[in-house]
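> Take this structure first; my questions come after.
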Amino acid sequence: MYGYQGRLLIVDLSKRKDRTLELDEAFIKKWLGATGFGIRLLYELQDPGLDPLSPGNPLIFVTGPFAGTMVPCSPRFGVFAKSPQSWLLGEAYASGFWGTELKKAGYDGLAVLGASERPVYLYLEDGDVRFMDAAHLWGETTWRTEEAIRKDLGDHEIKIASIGPAGENLVRFACIINDRYRAAGRTGLGAVMGSKRLKAIAVVGSQPIAVAKPEELEDRCLELYRRLQGPGTSKYRMLGTVANVLVLNAAGCMPTRNYRDALFEGAYRVSGEALNEAFVSKVQACSACPMRCEHIATIQKGRFKGTSVRVEYEPLWALGPYCGIEDLEAIVKAIELCDLYGMDAVSSGVSIAFAMECSERGILTKLDTGGLEPTFGDAESLLALLEAIAFRKGIGSLLAEGVRRASKILGRGSEVFAMHVKGVEMTGYDVRSLKTCALGYAISRRGAHHQTHGAYSLDLSGKVDRFKAEKERGKLVKDLEDLYILYDSLTLCKFTRSIIGVEEMAELYYLVTGFRKSPLDLLRTAERISNMARLYNLREGLTRSDDALPPRIMKDPVPNGPAKGSLVKPEELELLIGAYYEARGWDGEGIPKPEKLLELELEDYDPRLIARTRMEA
Amino acid sequence: MRRFKFVHCDPFKCVGCGICEYVCSLRQEKAFRSSVSRIRTVRIYPHRNVSITCVLCEEPPCVDACPRDALAQDELGIVRVDVSKCVGCGLCMEACDFGAITIHPELRVALICNLCDGEPACIEACPEDALSLTTRDLQAQMRRLKVASNLTG
């Protein structure tokens, strides 16, 4: 087989056994790669309705056909499990080198089943699987874990994905960190890994990855490298994603102080421009990336001297403007803490901003917070709360549950400003004035997220009226979701999207695998994967009412700036969701119609099948 | 004067993407396999990156180390491996200060950069222009030029 390795490794931590599952051509063609394989396997391997933190929740890592080849920007991998935040589909992606190393070890993916009694890490060297004692690593940060494992095994080229204290302590938005700076960030998959007492997965491989048309592929890739260094990607190459701070602020759609505001008076001080000027010490690349965008910020002096971490827009936004903080050094330090503790910087920031608002409103008192009085703009509280969350100390234990659960426990109207969709915290785009994006967030299969559709781009491009909700947006979001599933399934970085579209994907897919799939075939495959995700979520208890937005988005208009007065009215959201269901071929309850399932060769799945144990109470 | 040109990597330009490894293995092995690439990328966190391959030593210790006379340096300085003599014992690897030699895991022969017989694929593919075919003297000359061009007046 070309491109794919055709094998999935299945490791059972309870029984300490491993086996391989052959992936045949029919399966591969039907499910394409990371997203398709991951969701399809999760549906099969997971007992319906289980608690995400119970041993039965499989933790699945998958690459795709391009990983480990010179196809530009193809080193990503997806991680899948039932999410401890949403109790629905858990799905996150990371770049770096770990995914390509898994492929080089001879696997397209890895499914971890069961749970270990004692802390353990996996050591995969080509076909060899070893269960390694991790007692000495338990409690360590992710970076220390990487260093210690490389030292223990005496091999610098080993690639490691690990959890930090947050994952061990089952922080519901704990993430998995790989290659030091990369994170499978969202939906709490680090907590699933922690529940298995699996500290890390160390991989090193030397298997060849054969491709169907080596010479043509080389030529095509070199040409794409040149184009990827052109103006279409200069944003990522020059400032990095942090360029968004001033762009979104100018458009009045950068959520600030827990969505109280949509622009931040301190934006210049925390801008990408300021960051690059003061702190960026090196820009480096993931595997096979000709664009390189990994901006490493290093603090050379002062209180946080020695801090050195990759900075992207979302973490900077969440731990900065969203908490009203304009101390850039403290923000960089906070990002580093999130990486070290292994927790999603976005959800961390959103949870802390929630605490700040609770505290300002008197819902949380000094007594509750153990002496802290977190208020917007207070960097000391931010840093203290990050640690409290990771180690579940005091109030940190409540915030470690994420804003949905925390607001349920606190009550007193806090549900209105608990900013999440399906239990997953919001990301850095104020959807009150980005109405296509608002729909994308509401229906996202993995909760609030911008990277399942990227509709903010469309809204800000001026091609649609970002302030208006109209029926056409349903089809637009559906099409964007399907396109984005292709990037994820083929493990292509979405920063290539101005250069690598579905035509280029089809061509690269042929050159790598030898399988012909037209752009239409690819999009049809993506639509199948989208529907598979819906079938999974329905089975786990998702209902129509879960496709929603936080109450504040629909009640509190943007107070000032270019988007002043914007909000998403309930009837607007109804219209958008209805249009989206229709475009998807789903009924009014959001359930795929039989003819749609037949069309997508999913007729064997029953959309009315619902797990006996429903979503958490 | 040092005569032989080799593939040199500027660590200030290198971003650690490993594209040189991918393209080298594709050319030499017809498949992607970084572990047998003749050029290897090293990253030390937080952010030190460099790619290393054979530097075409004037008096190559690898050639001296070979107990079977399987290695010989040609007129361009390229260390050629006679696969009929090489048994993959690895003494050349041990002798190389740069870690620029690999033993092929299945074929059991030494793998050494052959400059793609004139036009190294890695140099063409490097997106950062971090790689160049040069000698140490030419590199020094470039630095002298840079110093001179920064002078005012």
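In the structure tokens, each chain is lettered A, B, ... as it comes, each chain's residues begin at 1, and ligands are numbered from 1 in order of appearance.
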Distance limit 12 Å, atoms considered: only C-alpha atoms. Which chain B residues sit that close to chain A? Return them as a PyMOL selection string.

chain B and resi 11-37+40-50+104-106+121-130

> So which residues touch segment 81-90 of chain B within 12 Å, counting only C-alpha atoms, skipping near sequence neighbours fewer than 4 positions away, as JSON, numbers by chain?

{"B": [62, 63, 65, 66, 67, 68, 69, 70, 71, 72, 73, 74, 94, 95, 96, 99, 100, 101, 102, 103, 104, 105, 106, 107, 108, 109, 110, 111, 112, 113, 114]}

> Give me the residues within 8 Å of Glu481 of chain A as a list in words, counting only C-alpha atoms and dropping any in the same chain fewer than 6 places off.

Thr452, His453 and Ser530 of chain A

> As an exercise, work out the distance from atom CA of Lys333 of chain A to atom CA of Thr256 of chain A in Å and give it to one decimal place.

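Going from atom CA of Lys333 of chain A over to atom CA of Thr256 of chain A covers 19.5 Å.
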
> For Leu21 of chain A, please output as a PyMOL selection string all residues within 7 Å (counting only C-alpha atoms; exclusion window: fewer than 3 positions along the same chain).

chain A and resi 7-9

> Find the residues near Leu153 of chain A: any atom within 12 Å, counting only C-alpha atoms, skip ones fewer than 3 places away on the same chain, and give them as a ChimeraX atom specification.

/A:121-125,130,132,146-150,156-160,202-204

> I need the chosen residues saved as a short mmCIF file (atom, residue, chain, number, x, y, z; two decimals), in the first residue's frame, with C-alpha atoms.


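Result written to selection-v3.cif:
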data_model
loop_
_atom_site.label_atom_id
_atom_site.label_comp_id
_atom_site.auth_asym_id
_atom_site.auth_seq_id
_atom_site.Cartn_x
_atom_site.Cartn_y
_atom_site.Cartn_z
CA TYR A 121 4.35 5.13 29.55
CA LEU A 122 4.40 3.41 26.19
CA TYR A 123 7.61 2.97 24.25
CA LEU A 124 7.01 2.13 20.59
CA GLU A 125 10.07 1.38 18.52
CA ARG A 130 6.89 -1.81 25.67
CA MET A 132 7.44 1.32 30.86
CA GLU A 146 10.03 14.61 27.46
CA GLU A 147 13.56 15.27 28.65
CA ALA A 148 13.51 12.46 31.19
CA ILE A 149 12.23 9.86 28.72
CA ARG A 150 14.82 10.80 26.10
CA HIS A 156 17.44 11.92 21.24
CA GLU A 157 15.28 11.22 18.19
CA ILE A 158 12.40 9.72 20.14
CA LYS A 159 9.26 11.81 19.83
CA ILE A 160 7.02 12.12 22.85
CA ALA A 202 7.32 7.68 23.19
CA VAL A 203 7.74 6.72 19.55
CA VAL A 204 10.66 6.17 17.24
#

> Could you list, as a ChimeraX atom specification, every residue within 8 Å of Arg534 of chain A, counting only C-alpha atoms and ignoring same-chain residues fewer than 5 positions away?

/A:445,591-592

> Save the residues we just selected, C-alpha atoms, as an mmCIF file, in the first residue's frame?


data_model
loop_
_atom_site.group_PDB
_atom_site.id
_atom_site.type_symbol
_atom_site.label_atom_id
_atom_site.label_comp_id
_atom_site.auth_asym_id
_atom_site.auth_seq_id
_atom_site.Cartn_x
_atom_site.Cartn_y
_atom_site.Cartn_z
ATOM 1 C CA ARG A 445 -19.425 18.432 16.505
ATOM 2 C CA ILE A 591 -31.125 13.612 12.744
ATOM 3 C CA PRO A 592 -29.772 12.457 9.369
#

> Would you kindly return, as number ranges by chain, each protein, DNA or RNA residue with an atom no farther than 7 Å from any atom of segment 455-467 of chain A, considering only C-alpha atoms and excluding same-chain residues fewer than 6 positions away?

A: 433-437, 440, 477

> Go ahead and save the picked residues with C-alpha atoms, as a PDB file, in the first residue's frame.


ATOM      1  CA  SER A 433     -20.905  40.081  15.005  1.00  0.00           C
ATOM      2  CA  LEU A 434     -19.731  37.047  13.004  1.00  0.00           C
ATOM      3  CA  LYS A 435     -22.987  35.342  12.227  1.00  0.00           C
ATOM      4  CA  THR A 436     -21.743  32.626   9.907  1.00  0.00           C
ATOM      5  CA  CYS A 437     -19.178  31.782  12.539  1.00  0.00           C
ATOM      6  CA  GLY A 440     -20.341  27.162  13.015  1.00  0.00           C
ATOM      7  CA  VAL A 477     -21.131  26.342   6.955  1.00  0.00           C
TER       8      VAL A 477
END

> What does the distance from atom CA of Leu386 of chain A to atom CA of Ala355 of chain A come to in Å, to one decimal?

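Computed distance, atom CA of Leu386 of chain A to atom CA of Ala355 of chain A, equals 11.6 Å.
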
> What does the structure give for the distance between atom CA of Leu328 of chain A and atom CA of Arg269 of chain A, in Å to one decimal?

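Here the two named atoms are 7.0 Å from each other.
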
> DSSP on the backbone, then: every residue of chain B marked helix (DSSP H, G or I), written as a ChimeraX atom specification.

/B:19-29,34-36,61-65,91-95,115-118,121-125,136-150
